[in-house]
Amino acid sequence: LNAAAYYGLGCIYQLKKEWANGANAFAKALEINPELVHAYYLKGLMHVNQRDHQKALEIWDKGKDVAARLNDIELQGMMTGNVGNVYHDMGQSQKAIPYQEEALMLARLIHDKKQEERHLSNLGNSYKNIGQPGKAVELYDQGLAIARIIPDKDFEERLLGNKSGALVDMGRYKEGIECGIAALLVAEARGDSGAVASHALNIGAAYANQAIYPEALQFYQRALRIKRAENDQRSVCSLLDNMGTVYKDMGEISTAIDTFQLALGVAREIPSKRHELKALGSLGYAYSGWSEYAKANDYFHQALFLADSLGDKRMIGTYLGNIGVVHKKWGSFSKALDFLNRALQHDEHISNPRGMVRHYTNMANIYEIRGDYLQALDLEKKA
């Protein structure tokens, strides 16, 4: 077979979602013809679909250089942007930005508005991730201007949703919610129920963060109806947990507990141990807030056992500490100190300073209640 035949075979495997076979076919095409630029692009996609990010980086890094040498600016920009996007997906947004900025420049060089709006969106996401939501909003606005001219309703909705999240991060909740509602309306007009649910969830969270609970519940319930209709049980579980938290914060503890119990039932039906862990913890917090310490203790112990079986080290420390706090509220100070000491040692071992601060503070509070002010002061200093 020649390079073109292997390339065609790779495209067939891509359509069949046989990622490994596709990657091998494109590799053979490139062995025969190392200047078959589009094969680099597609081979990288095969590796991303296999979650082999390092291999994708290697192939796209090489491919963009070949494209530059052949003056294929379009593919050079697409692969350069993809390198940045992979770094972003790997949690290395700072490293992603130079690649995404170069890709944006290349798209503008050839007046490719579709690619320009995509690079603006991705670059905005990276700036948002490194704590610069204001810069992200500027980039999203530039992308929105292009999306509305083209027009591109799909990307307009995506950019509105991204901008909404950045505005909320800046504490500009009113604008963020307005932007989120605009995104929801575009998604609704396009008949994309999944996107409607996603925006409704984010709007609900924004209202909940401001303690505007009726509106938060209204949007959560809208998302919940869609996810139930789609039989997306994991999303149903998460939404029930969010709604339970709103009820708890409203002081409607009985309703909160009923909602968390629904979430727990769905989690066990899926089954999803991660969602079960979250629901157990939420029930523990709710019963603790209701001064039902025996039940809180039971649910936190169940959560601790599950976190241990999952190897979730951070949550092990959290639930050890929570059990300690329940015993403190119960007036069982010796048991409380025992669990808090275990939590402290655990979080010190896994280098979790935030958890350590919490445990030291709770221990200091116990010694203060006991009247041992010197010990309390020492623990507060350590915190």
# chains A, B, ... in the order shown; residues from 1 in each chain; ligands from 1
call {"tool": "residues_around", "arguments": {"residues": "region 73-78 of chain A", "least_positions_apart": "5", "cutoff": "8 Å", "atoms": "only C-alpha atoms", "output": "ChimeraX atom specification"}}
result
/A:37-38,41,63-65,67-68,102-104,106-107,110,115
call {"tool": "residues_around", "arguments": {"residues": "Tyr287 (chain A)", "least_positions_apart": "2", "cutoff": "10 Å", "atoms": "only C-alpha atoms", "output": "number ranges by chain"}}
result
A: 248, 253-254, 256-257, 282-285, 289-299, 326
call {"tool": "closest_residue", "arguments": {"among": "A:Cys237, A:Ile150, A:Ala20, A:Ala183", "to": "Arg274 (chain A)", "atoms": "only C-alpha atoms"}}
result
A:Cys237
call {"tool": "closest_residue", "arguments": {"among": "A:Gln132, A:Trp19, A:Ala376, A:Lys28", "to": "Leu1 (chain A)", "atoms": "only C-alpha atoms"}}
result
A:Lys28
call {"tool": "closest_residue", "arguments": {"among": "A:Glu230, A:Arg370, A:Tyr220, A:Arg268", "to": "Thr245 (chain A)", "atoms": "only C-alpha atoms"}}
result
A:Tyr220
call {"tool": "closest_residue", "arguments": {"among": "A:Asn242, A:Phe155, A:Arg354, A:Leu167", "to": "Lys135 (chain A)", "atoms": "only C-alpha atoms"}}
result
A:Leu167
call {"tool": "closest_residue", "arguments": {"among": "A:Glu368, A:Asp241, A:Asp192, A:Glu117", "to": "Lys278 (chain A)", "atoms": "only C-alpha atoms"}}
result
A:Asp241
call {"tool": "select_by_dssp", "arguments": {"residues": "region 188-300 of chain A", "states": "alpha helix (DSSP H)", "output": "ChimeraX atom specification"}}
result
/A:188-190,193-209,213-229,233-249,253-269,273-289,293-300
call {"tool": "residues_around", "arguments": {"residues": "Glu188 (chain A)", "least_positions_apart": "5", "cutoff": "12 Å", "atoms": "only C-alpha atoms", "output": "PyMOL selection string"}}
result
chain A and resi 153-154+157+181-183+193-200+226
call {"tool": "decode", "arguments": {"residues": "region 284-297 of chain A", "atoms": "all heavy atoms", "output": "mmCIF file, in the first residue's frame"}}
result
data_model
loop_
_atom_site.group_PDB
_atom_site.id
_atom_site.type_symbol
_atom_site.label_atom_id
_atom_site.label_comp_id
_atom_site.auth_asym_id
_atom_site.auth_seq_id
_atom_site.Cartn_x
_atom_site.Cartn_y
_atom_site.Cartn_z
ATOM 1 N N GLY A 284 -24.371 13.183 56.194
ATOM 2 C CA GLY A 284 -23.679 13.414 57.463
ATOM 3 C C GLY A 284 -23.716 14.875 57.865
ATOM 4 O O GLY A 284 -24.026 15.212 59.019
ATOM 5 N N TYR A 285 -23.424 15.763 56.915
ATOM 6 C CA TYR A 285 -23.456 17.207 57.206
ATOM 7 C C TYR A 285 -24.865 17.656 57.592
ATOM 8 O O TYR A 285 -25.037 18.464 58.516
ATOM 9 C CB TYR A 285 -22.992 18.007 55.986
ATOM 10 C CG TYR A 285 -21.512 17.913 55.698
ATOM 11 C CD1 TYR A 285 -21.050 17.388 54.491
ATOM 12 C CD2 TYR A 285 -20.574 18.362 56.621
ATOM 13 C CE1 TYR A 285 -19.699 17.303 54.222
ATOM 14 C CE2 TYR A 285 -19.211 18.287 56.355
ATOM 15 C CZ TYR A 285 -18.774 17.757 55.157
ATOM 16 O OH TYR A 285 -17.435 17.673 54.893
ATOM 17 N N ALA A 286 -25.870 17.153 56.873
ATOM 18 C CA ALA A 286 -27.248 17.566 57.146
ATOM 19 C C ALA A 286 -27.684 17.136 58.545
ATOM 20 O O ALA A 286 -28.244 17.936 59.307
ATOM 21 C CB ALA A 286 -28.188 16.986 56.094
ATOM 22 N N TYR A 287 -27.420 15.867 58.900
ATOM 23 C CA TYR A 287 -27.813 15.389 60.229
ATOM 24 C C TYR A 287 -27.022 16.096 61.326
ATOM 25 O O TYR A 287 -27.557 16.376 62.406
ATOM 26 C CB TYR A 287 -27.635 13.879 60.321
ATOM 27 C CG TYR A 287 -28.816 13.105 59.775
ATOM 28 C CD1 TYR A 287 -28.683 12.296 58.650
ATOM 29 C CD2 TYR A 287 -30.067 13.187 60.388
ATOM 30 C CE1 TYR A 287 -29.766 11.584 58.141
ATOM 31 C CE2 TYR A 287 -31.153 12.481 59.890
ATOM 32 C CZ TYR A 287 -31.000 11.689 58.769
ATOM 33 O OH TYR A 287 -32.086 11.006 58.284
ATOM 34 N N SER A 288 -25.767 16.420 61.050
ATOM 35 C CA SER A 288 -24.967 17.154 62.035
ATOM 36 C C SER A 288 -25.561 18.540 62.270
ATOM 37 O O SER A 288 -25.664 19.009 63.415
ATOM 38 C CB SER A 288 -23.519 17.277 61.556
ATOM 39 O OG SER A 288 -22.737 17.986 62.488
ATOM 40 N N GLY A 289 -25.971 19.204 61.169
ATOM 41 C CA GLY A 289 -26.591 20.520 61.298
ATOM 42 C C GLY A 289 -27.927 20.476 62.008
ATOM 43 O O GLY A 289 -28.386 21.480 62.563
ATOM 44 N N TRP A 290 -28.547 19.322 61.991
ATOM 45 C CA TRP A 290 -29.851 19.119 62.648
ATOM 46 C C TRP A 290 -29.677 18.595 64.072
ATOM 47 O O TRP A 290 -30.650 18.267 64.740
ATOM 48 C CB TRP A 290 -30.666 18.130 61.825
ATOM 49 C CG TRP A 290 -32.139 18.385 61.829
ATOM 50 C CD1 TRP A 290 -32.802 19.459 62.316
ATOM 51 C CD2 TRP A 290 -33.130 17.511 61.278
ATOM 52 N NE1 TRP A 290 -34.149 19.337 62.114
ATOM 53 C CE2 TRP A 290 -34.385 18.146 61.473
ATOM 54 C CE3 TRP A 290 -33.087 16.279 60.628
ATOM 55 C CZ2 TRP A 290 -35.585 17.583 61.047
ATOM 56 C CZ3 TRP A 290 -34.288 15.720 60.193
ATOM 57 C CH2 TRP A 290 -35.520 16.351 60.410
ATOM 58 N N SER A 291 -28.433 18.524 64.525
ATOM 59 C CA SER A 291 -28.070 18.015 65.863
ATOM 60 C C SER A 291 -28.443 16.558 66.058
ATOM 61 O O SER A 291 -28.597 16.091 67.188
ATOM 62 C CB SER A 291 -28.704 18.875 66.979
ATOM 63 O OG SER A 291 -28.284 20.209 66.855
ATOM 64 N N GLU A 292 -28.563 15.810 64.963
ATOM 65 C CA GLU A 292 -28.795 14.361 65.020
ATOM 66 C C GLU A 292 -27.427 13.686 64.900
ATOM 67 O O GLU A 292 -27.065 13.141 63.843
ATOM 68 C CB GLU A 292 -29.717 13.932 63.876
ATOM 69 C CG GLU A 292 -31.155 14.409 64.024
ATOM 70 C CD GLU A 292 -31.993 13.409 64.815
ATOM 71 O OE1 GLU A 292 -31.431 12.376 65.251
ATOM 72 O OE2 GLU A 292 -33.190 13.660 65.003
ATOM 73 N N TYR A 293 -26.670 13.757 66.016
ATOM 74 C CA TYR A 293 -25.253 13.389 65.942
ATOM 75 C C TYR A 293 -25.024 11.898 65.732
ATOM 76 O O TYR A 293 -24.054 11.505 65.074
ATOM 77 C CB TYR A 293 -24.528 13.878 67.195
ATOM 78 C CG TYR A 293 -24.613 15.381 67.358
ATOM 79 C CD1 TYR A 293 -25.033 15.956 68.560
ATOM 80 C CD2 TYR A 293 -24.294 16.227 66.295
ATOM 81 C CE1 TYR A 293 -25.121 17.329 68.700
ATOM 82 C CE2 TYR A 293 -24.383 17.597 66.437
ATOM 83 C CZ TYR A 293 -24.809 18.146 67.646
ATOM 84 O OH TYR A 293 -24.902 19.508 67.780
ATOM 85 N N ALA A 294 -25.907 11.065 66.244
ATOM 86 C CA ALA A 294 -25.734 9.614 66.048
ATOM 87 C C ALA A 294 -25.848 9.260 64.566
ATOM 88 O O ALA A 294 -25.046 8.484 64.037
ATOM 89 C CB ALA A 294 -26.766 8.849 66.873
ATOM 90 N N LYS A 295 -26.843 9.855 63.898
ATOM 91 C CA LYS A 295 -27.024 9.579 62.478
ATOM 92 C C LYS A 295 -25.892 10.198 61.654
ATOM 93 O O LYS A 295 -25.405 9.594 60.684
ATOM 94 C CB LYS A 295 -28.379 10.103 62.005
ATOM 95 C CG LYS A 295 -29.552 9.274 62.514
ATOM 96 C CD LYS A 295 -30.875 9.773 61.966
ATOM 97 C CE LYS A 295 -32.018 8.881 62.450
ATOM 98 N NZ LYS A 295 -33.337 9.364 61.988
ATOM 99 N N ALA A 296 -25.465 11.407 62.038
ATOM 100 C CA ALA A 296 -24.344 12.043 61.337
ATOM 101 C C ALA A 296 -23.100 11.176 61.449
ATOM 102 O O ALA A 296 -22.377 10.956 60.468
ATOM 103 C CB ALA A 296 -24.072 13.430 61.929
ATOM 104 N N ASN A 297 -22.862 10.671 62.646
ATOM 105 C CA ASN A 297 -21.701 9.810 62.892
ATOM 106 C C ASN A 297 -21.762 8.555 62.024
ATOM 107 O O ASN A 297 -20.761 8.135 61.434
ATOM 108 C CB ASN A 297 -21.666 9.429 64.374
ATOM 109 C CG ASN A 297 -20.432 8.625 64.736
ATOM 110 O OD1 ASN A 297 -19.303 9.028 64.477
ATOM 111 N ND2 ASN A 297 -20.651 7.465 65.347
#
